[in-house]
Each structure stands twice: as structure tokens, then as C-alpha cells.
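Content type compact mmCIF, C-alpha atoms, from the file query.txt:
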# COMPACT_ATOMS: atom_id res chain seq x y z
CA MET X 1 3.85 4.27 -24.72
CA LYS X 2 5.54 3.57 -28.04
CA ILE X 3 9.36 3.58 -28.33
CA LEU X 4 11.59 3.30 -31.40
CA VAL X 5 15.17 2.01 -31.19
CA ILE X 6 17.42 2.49 -34.23
CA GLN X 7 20.55 0.42 -34.89
CA GLN X 8 21.65 -0.19 -38.45
CA LYS X 9 25.02 -1.67 -39.45
CA MET X 10 26.36 -5.19 -38.79
CA ILE X 11 25.10 -8.23 -36.88
CA GLY X 12 27.23 -7.53 -33.81
CA ASP X 13 25.91 -3.98 -33.53
CA VAL X 14 22.28 -5.00 -33.96
CA LEU X 15 22.65 -7.77 -31.40
CA ALA X 16 24.39 -5.43 -28.95
CA SER X 17 21.56 -2.90 -29.14
CA THR X 18 18.97 -5.51 -28.21
CA ILE X 19 20.05 -4.75 -24.64
CA ILE X 20 18.50 -1.31 -25.14
CA CYS X 21 15.19 -2.96 -26.04
CA GLN X 22 15.35 -5.33 -23.10
CA ASN X 23 16.27 -2.56 -20.67
CA LEU X 24 13.50 -0.33 -21.97
CA LYS X 25 11.07 -3.13 -21.13
CA ARG X 26 12.50 -3.14 -17.62
CA ILE X 27 12.03 0.61 -17.28
CA TYR X 28 8.65 0.71 -19.07
CA PRO X 29 7.14 -2.81 -18.78
CA THR X 30 4.04 -1.98 -20.84
CA ALA X 31 5.85 -0.06 -23.59
CA ASN X 32 5.58 -1.10 -27.22
CA ILE X 33 9.17 -1.44 -28.51
CA HIS X 34 9.94 -1.17 -32.23
CA TYR X 35 13.44 -1.72 -33.60
CA VAL X 36 14.83 -0.47 -36.95
CA VAL X 37 17.68 -2.62 -38.31
CA ASN X 38 19.22 -3.48 -41.66
CA SER X 39 17.16 -6.21 -43.31
CA ASN X 40 20.08 -8.69 -43.46
CA THR X 41 20.28 -8.75 -39.63
CA LEU X 42 16.62 -9.52 -38.84
CA ALA X 43 17.37 -13.15 -37.99
CA VAL X 44 19.10 -12.22 -34.72
CA LEU X 45 15.84 -10.65 -33.51
CA GLU X 46 13.55 -13.64 -34.04
CA ASN X 47 11.72 -14.84 -30.91
CA ASN X 48 13.05 -11.89 -28.89
CA PRO X 49 10.34 -11.19 -26.27
CA TYR X 50 11.54 -7.61 -25.71
CA ILE X 51 10.95 -6.45 -29.29
CA ASP X 52 7.34 -6.00 -30.32
CA LYS X 53 8.11 -5.14 -33.94
CA ALA X 54 11.26 -5.34 -36.06
CA ILE X 55 11.33 -2.77 -38.87
CA PRO X 56 13.72 -3.57 -41.74
CA PHE X 57 15.76 -0.76 -43.25
CA LEU X 58 16.12 -1.84 -46.88
CA LYS X 59 19.10 -1.20 -49.16
CA GLU X 60 16.69 0.47 -51.54
CA TYR X 61 16.24 3.33 -49.09
CA GLN X 62 19.88 4.32 -49.64
CA SER X 63 19.56 4.59 -53.41
CA ASN X 64 15.97 5.75 -53.95
CA LYS X 65 15.07 9.05 -52.30
CA LYS X 66 11.37 8.67 -53.02
CA VAL X 67 11.19 5.25 -51.37
CA LEU X 68 13.23 6.57 -48.43
CA LEU X 69 10.83 9.48 -48.02
CA ASN X 70 7.86 7.10 -47.97
CA PHE X 71 9.60 5.10 -45.25
CA LEU X 72 10.26 8.24 -43.20
CA TRP X 73 6.60 9.26 -43.48
CA SER X 74 5.58 5.81 -42.26
CA ILE X 75 7.80 6.36 -39.22
CA LYS X 76 6.15 9.71 -38.53
CA LYS X 77 2.69 8.13 -38.67
CA GLN X 78 3.63 5.75 -35.85
CA LYS X 79 3.71 8.70 -33.42
CA TYR X 80 6.53 7.42 -31.24
CA ASP X 81 6.89 8.90 -27.77
CA ILE X 82 10.61 8.14 -27.48
CA VAL X 83 13.34 7.46 -30.04
CA ILE X 84 16.71 5.96 -29.05
CA ASP X 85 19.17 6.34 -31.93
CA ALA X 86 22.09 4.01 -31.18
CA TYR X 87 23.47 4.34 -34.72
CA GLY X 88 23.87 8.09 -35.11
CA LYS X 89 24.49 8.22 -38.86
CA LEU X 90 22.65 10.01 -41.68
CA GLU X 91 19.79 7.52 -42.11
CA SER X 92 19.09 7.26 -38.39
CA ASN X 93 19.39 11.05 -38.05
CA LEU X 94 16.63 11.37 -40.65
CA ILE X 95 14.47 8.72 -38.97
CA SER X 96 14.85 10.48 -35.63
CA PHE X 97 14.03 13.87 -37.12
CA PHE X 98 10.95 12.66 -39.00
CA SER X 99 9.64 10.76 -35.99
CA LYS X 100 8.72 14.02 -34.21
CA ALA X 101 8.98 12.11 -30.93
CA GLU X 102 8.83 14.19 -27.78
CA ILE X 103 12.05 12.58 -26.54
CA LYS X 104 14.91 11.79 -28.94
CA ILE X 105 18.23 10.49 -27.57
CA SER X 106 21.53 9.71 -29.28
CA GLN X 107 25.28 9.99 -28.76
CA TYR X 108 26.68 13.50 -28.94
CA LYS X 109 27.96 14.82 -32.26
CA TRP X 110 28.17 18.59 -32.59
CA TYR X 111 26.75 18.62 -36.11
CA THR X 112 23.63 16.53 -35.35
CA SER X 113 22.90 17.38 -31.71
CA TRP X 114 20.15 19.82 -32.78
CA ILE X 115 18.04 16.86 -33.98
CA TYR X 116 17.82 15.33 -30.51
CA THR X 117 16.33 16.47 -27.22
CA GLU X 118 19.23 14.82 -25.41
CA THR X 119 22.69 13.65 -26.40
CA VAL X 120 25.17 11.57 -24.41
CA LYS X 121 28.92 11.78 -24.82
CA GLU X 122 30.58 8.51 -25.76
CA ASP X 123 32.55 6.89 -22.95
CA LEU X 124 35.99 5.97 -24.30
CA GLY X 125 37.44 4.68 -21.04
CA PHE X 126 38.00 1.07 -20.11
CA GLY X 127 34.93 -0.60 -18.64
CA PRO X 128 35.95 -3.06 -15.91
CA SER X 129 32.68 -4.99 -15.85
CA PHE X 130 31.46 -5.07 -19.45
CA PRO X 131 32.61 -3.84 -22.89
CA LEU X 132 32.30 -0.21 -23.90
CA ALA X 133 29.93 -1.09 -26.76
CA TYR X 134 27.37 -2.20 -24.17
CA LYS X 135 28.21 0.46 -21.60
CA ASN X 136 27.65 3.27 -24.11
CA ARG X 137 24.33 1.79 -25.20
CA ASN X 138 23.08 1.64 -21.63
CA ASN X 139 24.28 5.19 -21.10
CA LEU X 140 21.64 6.32 -23.60
CA LEU X 141 18.98 5.23 -21.10
CA GLN X 142 20.30 7.07 -18.04
CA SER X 143 17.81 9.95 -18.08
CA LEU X 144 14.89 7.54 -18.63
CA ASN X 145 15.85 5.24 -15.76
CA LYS X 146 14.54 7.48 -13.00
CA ASN X 147 13.85 4.56 -10.65
CA HIS X 148 17.37 3.16 -11.10
CA VAL X 149 16.20 -0.18 -12.45
CA ALA X 150 19.05 -2.70 -12.75
CA LEU X 151 20.08 -2.88 -16.41
CA ILE X 152 21.34 -5.99 -18.21
CA SER X 153 24.60 -5.66 -20.13
CA ARG X 154 24.75 -8.87 -22.16
CA PRO X 155 22.54 -9.57 -25.17
CA THR X 156 20.77 -12.90 -25.59
CA LEU X 157 19.63 -14.84 -28.66
CA HIS X 158 16.31 -16.64 -28.39
CA LEU X 159 15.53 -19.99 -30.03
CA SER X 160 12.14 -21.61 -30.40
CA GLU X 161 11.56 -25.15 -29.11
CA SER X 162 11.44 -26.46 -32.67
CA GLU X 163 14.82 -24.83 -33.38
CA ARG X 164 16.33 -26.40 -30.26
CA LEU X 165 15.17 -29.83 -31.39
CA LEU X 166 16.49 -29.21 -34.89
CA ALA X 167 19.85 -28.16 -33.46
CA GLN X 168 20.20 -31.34 -31.42
CA ASN X 169 19.45 -33.46 -34.48
CA LEU X 170 21.94 -31.47 -36.56
CA LYS X 171 24.65 -32.01 -33.98
CA LYS X 172 24.09 -35.78 -34.09
CA ASP X 173 24.48 -35.67 -37.86
CA LEU X 174 27.63 -33.56 -37.67
CA LEU X 175 29.42 -35.66 -35.07
CA SER X 176 30.74 -39.07 -36.07
CA LYS X 177 31.31 -41.87 -33.52
CA LEU X 178 34.91 -40.68 -33.18
CA TYR X 179 34.06 -37.27 -31.71
CA SER X 180 31.98 -35.96 -28.82
CA THR X 181 32.48 -32.20 -29.07
CA LEU X 182 31.88 -29.67 -31.83
CA ILE X 183 34.06 -26.59 -32.34
CA MET X 184 33.09 -23.96 -34.88
CA VAL X 185 35.95 -21.94 -36.35
CA THR X 186 35.25 -18.54 -37.89
CA ILE X 187 37.73 -18.72 -40.75
CA LEU X 188 36.62 -15.46 -42.35
CA GLY X 189 35.94 -12.04 -40.88
CA SER X 190 33.27 -9.70 -42.22
CA ASP X 191 35.90 -8.31 -44.63
CA GLN X 192 39.60 -8.68 -45.41
CA LEU X 193 40.56 -6.09 -42.78
CA LYS X 194 39.03 -8.33 -40.10
CA THR X 195 40.34 -11.68 -41.38
CA TYR X 196 43.35 -13.41 -39.80
CA PRO X 197 45.85 -14.47 -42.53
CA ALA X 198 45.13 -17.87 -44.10
CA LYS X 199 48.47 -19.48 -43.27
CA TYR X 200 48.17 -18.38 -39.65
CA MET X 201 44.60 -19.63 -39.40
CA ALA X 202 45.64 -23.00 -40.80
CA SER X 203 48.29 -23.16 -38.08
CA ILE X 204 45.59 -22.45 -35.46
CA LEU X 205 43.47 -25.31 -36.83
CA ASP X 206 46.47 -27.65 -36.62
CA GLU X 207 47.11 -26.63 -33.03
CA ILE X 208 43.46 -27.17 -32.05
CA CYS X 209 43.58 -30.67 -33.45
CA MET X 210 46.84 -31.47 -31.66
CA ALA X 211 45.47 -30.16 -28.36
CA THR X 212 42.11 -31.97 -28.56
CA LYS X 213 41.22 -35.60 -29.17
CA ASN X 214 37.45 -35.68 -29.30
CA ALA X 215 36.59 -32.49 -31.19
CA SER X 216 35.22 -32.23 -34.70
CA LEU X 217 35.82 -28.88 -36.42
CA LEU X 218 33.10 -27.06 -38.30
CA LEU X 219 34.21 -24.16 -40.49
CA ASN X 220 31.75 -21.31 -40.67
CA PHE X 221 31.10 -20.01 -44.17
CA MET X 222 28.35 -19.18 -46.62
CA PRO X 223 28.23 -21.33 -49.79
CA GLU X 224 29.68 -18.53 -51.93
CA GLU X 225 32.70 -18.30 -49.60
CA LYS X 226 33.77 -21.93 -49.91
CA ASN X 227 36.80 -21.24 -52.12
CA LYS X 228 38.24 -18.86 -49.51
CA VAL X 229 37.71 -21.47 -46.82
CA LEU X 230 39.31 -24.19 -48.95
CA LYS X 231 42.41 -22.02 -49.21
CA VAL X 232 42.84 -22.33 -45.44
CA TYR X 233 41.80 -26.00 -45.41
CA ASN X 234 44.45 -26.89 -48.00
CA LEU X 235 47.17 -25.31 -45.84
CA CYS X 236 46.32 -27.61 -42.92
CA ASN X 237 48.15 -30.86 -42.25
CA GLU X 238 46.54 -34.17 -43.22
CA HIS X 239 45.49 -35.08 -39.68
CA THR X 240 43.67 -31.75 -39.27
CA LYS X 241 41.84 -32.26 -42.55
CA THR X 242 40.35 -35.51 -41.23
CA ARG X 243 38.92 -33.59 -38.26
CA ILE X 244 37.28 -30.86 -40.35
CA ASN X 245 33.68 -31.29 -41.47
CA LEU X 246 33.26 -29.48 -44.80
CA GLY X 247 29.84 -30.98 -45.43
CA TYR X 248 27.90 -28.23 -43.70
CA SER X 249 27.48 -24.55 -44.50
CA ALA X 250 24.76 -22.25 -43.21
CA SER X 251 22.16 -21.42 -45.83
CA SER X 252 20.88 -18.47 -43.78
CA LEU X 253 21.75 -16.45 -40.72
CA ARG X 254 19.04 -18.20 -38.70
CA ASP X 255 20.40 -21.57 -39.82
CA LEU X 256 23.81 -20.50 -38.49
CA ILE X 257 22.33 -19.46 -35.13
CA VAL X 258 20.63 -22.84 -34.77
CA ILE X 259 23.82 -24.83 -35.25
CA LEU X 260 25.84 -22.35 -33.17
CA SER X 261 23.56 -23.12 -30.24
CA VAL X 262 24.89 -26.69 -29.94
CA CYS X 263 28.58 -25.98 -30.53
CA ASP X 264 30.84 -26.49 -27.55
CA ALA X 265 33.03 -23.54 -28.51
CA VAL X 266 33.64 -20.98 -31.24
CA ILE X 267 37.18 -19.94 -32.14
CA GLY X 268 38.48 -17.50 -34.73
CA ASN X 269 37.99 -14.04 -36.17
CA GLU X 270 36.12 -11.66 -33.88
CA GLY X 271 32.85 -10.45 -35.34
CA GLY X 272 29.17 -11.27 -35.62
CA VAL X 273 29.56 -15.03 -35.13
CA ILE X 274 31.60 -14.59 -31.95
CA ASN X 275 29.04 -12.11 -30.62
CA MET X 276 26.18 -14.48 -31.44
CA ALA X 277 28.00 -17.33 -29.70
CA LYS X 278 28.37 -15.20 -26.57
CA ALA X 279 24.66 -14.39 -26.73
CA LEU X 280 24.01 -18.16 -26.76
CA ASN X 281 26.35 -18.68 -23.80
CA ILE X 282 28.86 -20.63 -25.91
CA SER X 283 32.56 -20.52 -24.99
CA THR X 284 34.56 -18.27 -27.35
CA PHE X 285 38.17 -17.55 -28.24
CA ALA X 286 38.33 -14.46 -30.44
CA ILE X 287 41.17 -13.13 -32.57
CA PHE X 288 40.75 -9.37 -32.99
CA SER X 289 41.80 -7.41 -36.03
CA PRO X 290 44.76 -5.12 -35.18
CA TRP X 291 42.71 -1.99 -35.89
CA ILE X 292 39.63 -2.83 -33.77
CA ARG X 293 39.51 -1.81 -30.09
CA LYS X 294 39.31 -4.99 -28.04
CA ASP X 295 37.87 -3.31 -24.95
CA ALA X 296 34.98 -1.93 -27.00
CA TRP X 297 33.65 -5.42 -27.66
CA HIS X 298 35.29 -7.79 -25.21
CA ILE X 299 36.22 -8.40 -21.60
CA ASP X 300 37.54 -11.84 -20.58
CA PHE X 301 34.77 -13.69 -18.76
CA GLU X 302 35.24 -16.71 -16.44
CA ASP X 303 37.79 -18.39 -18.77
CA ARG X 304 34.85 -18.97 -21.14
CA GLU X 305 35.16 -15.80 -23.22
CA ILE X 306 38.77 -15.09 -24.14
CA ALA X 307 40.23 -12.78 -26.79
CA VAL X 308 43.64 -11.84 -28.12
CA HIS X 309 44.80 -8.65 -29.80
CA LEU X 310 48.13 -7.55 -31.27
CA LYS X 311 48.18 -4.72 -28.72
CA ASP X 312 48.38 -7.33 -25.92
CA TYR X 313 51.86 -8.23 -27.17
CA PHE X 314 53.12 -5.08 -28.91
CA PRO X 315 51.57 -2.06 -27.16
CA GLN X 316 54.28 0.16 -28.64
CA TYR X 317 52.67 -0.26 -32.07
CA TYR X 318 49.68 1.70 -30.84
CA ALA X 319 51.39 4.73 -29.34
CA ASN X 320 49.90 7.91 -30.85
CA LYS X 321 48.27 5.96 -33.70
CA THR X 322 44.83 6.89 -34.99
CA GLU X 323 42.27 4.32 -36.10
CA LYS X 324 42.74 5.52 -39.68
CA GLU X 325 46.49 4.85 -39.51
CA LEU X 326 45.99 1.40 -37.97
CA LYS X 327 43.46 0.51 -40.63
CA LYS X 328 45.82 1.60 -43.40
CA TYR X 329 48.57 -0.78 -42.27
CA VAL X 330 46.37 -3.59 -40.98
CA GLN X 331 47.86 -6.29 -43.24
CA LYS X 332 51.38 -5.41 -42.11
CA LYS X 333 50.24 -5.57 -38.48
CA TYR X 334 48.51 -8.90 -39.12
CA ALA X 335 51.86 -10.25 -40.35
CA ASP X 336 53.30 -9.55 -36.89
CA PHE X 337 50.37 -11.22 -35.14
CA ILE X 338 51.88 -14.71 -35.37
CA PRO X 339 50.02 -17.64 -33.75
CA THR X 340 52.89 -18.51 -31.40
CA LEU X 341 52.16 -15.30 -29.49
CA PHE X 342 48.96 -16.76 -28.06
CA LEU X 343 49.09 -20.53 -28.55
CA GLU X 344 49.54 -21.21 -24.84
CA LYS X 345 46.49 -19.08 -24.11
CA LEU X 346 44.51 -21.01 -26.73
CA LYS X 347 45.62 -24.37 -25.27
CA LYS X 348 44.58 -23.24 -21.80
CA PHE X 349 41.17 -22.20 -23.17
CA LEU X 350 40.68 -25.61 -24.80
CA LYS X 351 41.69 -27.47 -21.62
CA THR X 352 39.65 -25.27 -19.27
CA ASN X 353 36.54 -25.72 -21.37
CA GLY X 354 36.89 -29.48 -21.56
CA LEU X 355 37.70 -29.63 -25.23
Just dump the structure as C-alpha cells.
Amino acid sequence: MKILVIQQKMIGDVLASTIICQNLKRIYPTANIHYVVNSNTLAVLENNPYIDKAIPFLKEYQSNKKVLLNFLWSIKKQKYDIVIDAYGKLESNLISFFSKAEIKISQYKWYTSWIYTETVKEDLGFGPSFPLAYKNRNNLLQSLNKNHVALISRPTLHLSESERLLAQNLKKDLLSKLYSTLIMVTILGSDQLKTYPAKYMASILDEICMATKNASLLLNFMPEEKNKVLKVYNLCNEHTKTRINLGYSASSLRDLIVILSVCDAVIGNEGGVINMAKALNISTFAIFSPWIRKDAWHIDFEDREIAVHLKDYFPQYYANKTEKELKKYVQKKYADFIPTLFLEKLKKFLKTNGL
């Protein structure tokens, strides 16, 4: 049996949908699982034993119809038995349609339901045991799981032995004799609408350094983002600056995963890095953007995975507000999301996790 899973978009989404691949292997142990993802997210799939082939969806496919058509024909030639479309947008609709698979499953949308043999309505309710993003992905497998196999609901990143050794050596290089723990701080979100204000983030860094004695801080950024990170760094007090290691920046996504694996905690903007840290079983403290649903991507877990959201403190802001409205005024809402609202929660997280 040959199965295709489709999940384009960002790192967090691609990582989340690896649970579909893993659960398909549980349901069909001998199945050949292929996974279509955006090419810039391939690194999170390396060494994953539940994915037999990762298929990159290139940017060129969005701008060149001829190249896209050639890609779609290549999908058809694979003769997939089952297609699970976890993305549900135009490109994945086309991939699903061209696949001609006997079984095609996706979330219900009235205007694309004709493409699929089965559609599943999105669950918008609160999931008490795991986030909705994972619950809704597993729901796509309900009709296939006839033997009621237990499904996993947390994705995992997989490192090779050589990467584990490299990570340990990197940690030794990053920690001076003064420090014994390493905290990564996600200073920047994936865009401005998901980035906690610089002056507030600097205040968070100062508080971390006051609350910990043996932690060295590593700021996550790509080389081209250094000026944005320096803006936050320069707002920190002098003591905090001595605790921040600016000498390291990830040259690739896989490089970031390797160093993440030996961090003692990750704190900062919710997004791909936080989700990767969770998949590596690293303690996380996430600050959600005011317009993102926290319960879609997070449930507090054993004091090791904690998150804060403006709605936790000002639920009245969200009464009868659409996502579009929240997104429009996100910077104004961020201004109200002052660090003092959750500093005690952050200090408890640091203490509980031995930082």
C-alpha cells in the first residue's frame, strides 16, 4: 500500500502532521508513506522512521504552471492508494485531485468537498488532553483506523548519533565555566504579527537573568536577522548582556534542531522553534500572539510546557471578535500584553525546571 500525506505551510504545521505519518504506520505497518511539504521545512523530517519519502513542494510550482503540471503528473504516476490532505488549500487540492487515489481524505470545505471521497469537519472545541491542531489531524484517520489502534498525539524530532555527539560538543563550546544550563530565547516570531514587542522581550530577558544564576542565554536568529535581535539586546541591562551569547546563530534549520536538542529550556515567541523544542522533549515557555488560538497549539503539560496568552488576562477583549479583527489590531493588543502579567508564572517555570 502506498499513502501520500500533504502538509504545506510552516515548520510547526509540517511537524504537527508527522503524527499522521506515524499513526498511519501504526494502522498499516507495511505501508509506504510519502509526505509532501514545502522545501524549506524538509529538515524537520530527517531521520524520521515513519516517512519513507519526503517530497518537496518548490516555490517554483506556485509561479510556473508548466512546472506545477509536471509535478502533478509525477504524483499521478505514483498511483497512491490513499491521500491524506492535512493542508486543504489550492495546491494540495490539486495534488489530491491529480493523484486519482481510491481514498482521498481532508477537512470539510463546501467548495472542495467534491475532490475527496471523505471529508471531516474541523473540531473547534477545547481538547482536554492535547491541542486541537493534533486532534484534528488524528480525526482525519478515524475511518481508516478500523481496529482502533492507539494513536500518538505528540510529534517527535529524530536526531542521528552523529548529530547527538555534535550537539554535546556544541553545548560545551557555548557554556563557559560560569554557567551550567543553556536557555534559548526565541526573540523573533515568524513575522511581525507573531513577535512580542522588543522592549517587553528585553524585560523578559532581564527577569530571566535575575531569576537564574547558572544559565547562559542563547538568542535564536538567522544571520540576516541579527540587527533585529541586537535591537532587543541593546534594551537589556548590562548584567543581562553578560549572560547572552551572541556568538552563535543557526546556519540552517537542521543546525538549529541540533543545538535545540541540548538546551535546558526554550522561552519566547510561540512558533516553529517552540514546537520543535516540544518535539525534542525540551521544557518550553511560550508567549502567544494575541490573534492566535492558544488551545489550537498548546495545553500546559507537567509544568514543563507552559504558555501565556493575552486572553488569559483580558478575556473581555475576545468577546465576539473574529480572527480578522484580532489580527488587524494585534499591535495594539500586544501593547496591553505587558510582562508583569505573567512574570510570576515565568519565575515558577524557571524554578520548577531547575533553571
Write out as an NGL selection string each polymer residue whose atoms come within 7 Å of Phe98 of chain X, counting all atoms listed in the file; drop sequence neighbours fewer than 3 positions from it. :X and (72 or 76 or 94-95)
Compare X:Lys77, X:Lys294, X:His158, X:Arg254 by their minimum atom-to-atom distance to Lys100 of chain X, counting only C-alpha atoms, and give me the closest one. X:Lys77
If we count only C-alpha atoms and set the cut-off at 8 Å, which residues sit around Gln8 of chain X, ignoring sequence neighbours fewer than 4 positions away in its own chain? Please answer as JSON, numbers by chain. {"X": [13, 14, 36, 37, 38, 57, 87, 92]}
Which one is closest to Gly88 of chain X: X:Lys65, X:Arg137, X:His34, X:Arg26? Count only C-alpha atoms.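 Closest residue, counting only C-alpha atoms: X:Arg137.
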Pick from X:Ser252, X:Val308, X:Leu175, X:Met184, whichever lies nearest to Val273 of chain X using only C-alpha atoms: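 Under the stated criterion, the closest residue is X:Met184.
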Please provide as a count of residues only all residues within 10 Å of Lys213 of chain X, with the sequence filter that same-chain residues fewer than 6 positions apart are discarded (counting all atoms listed in the file). 6
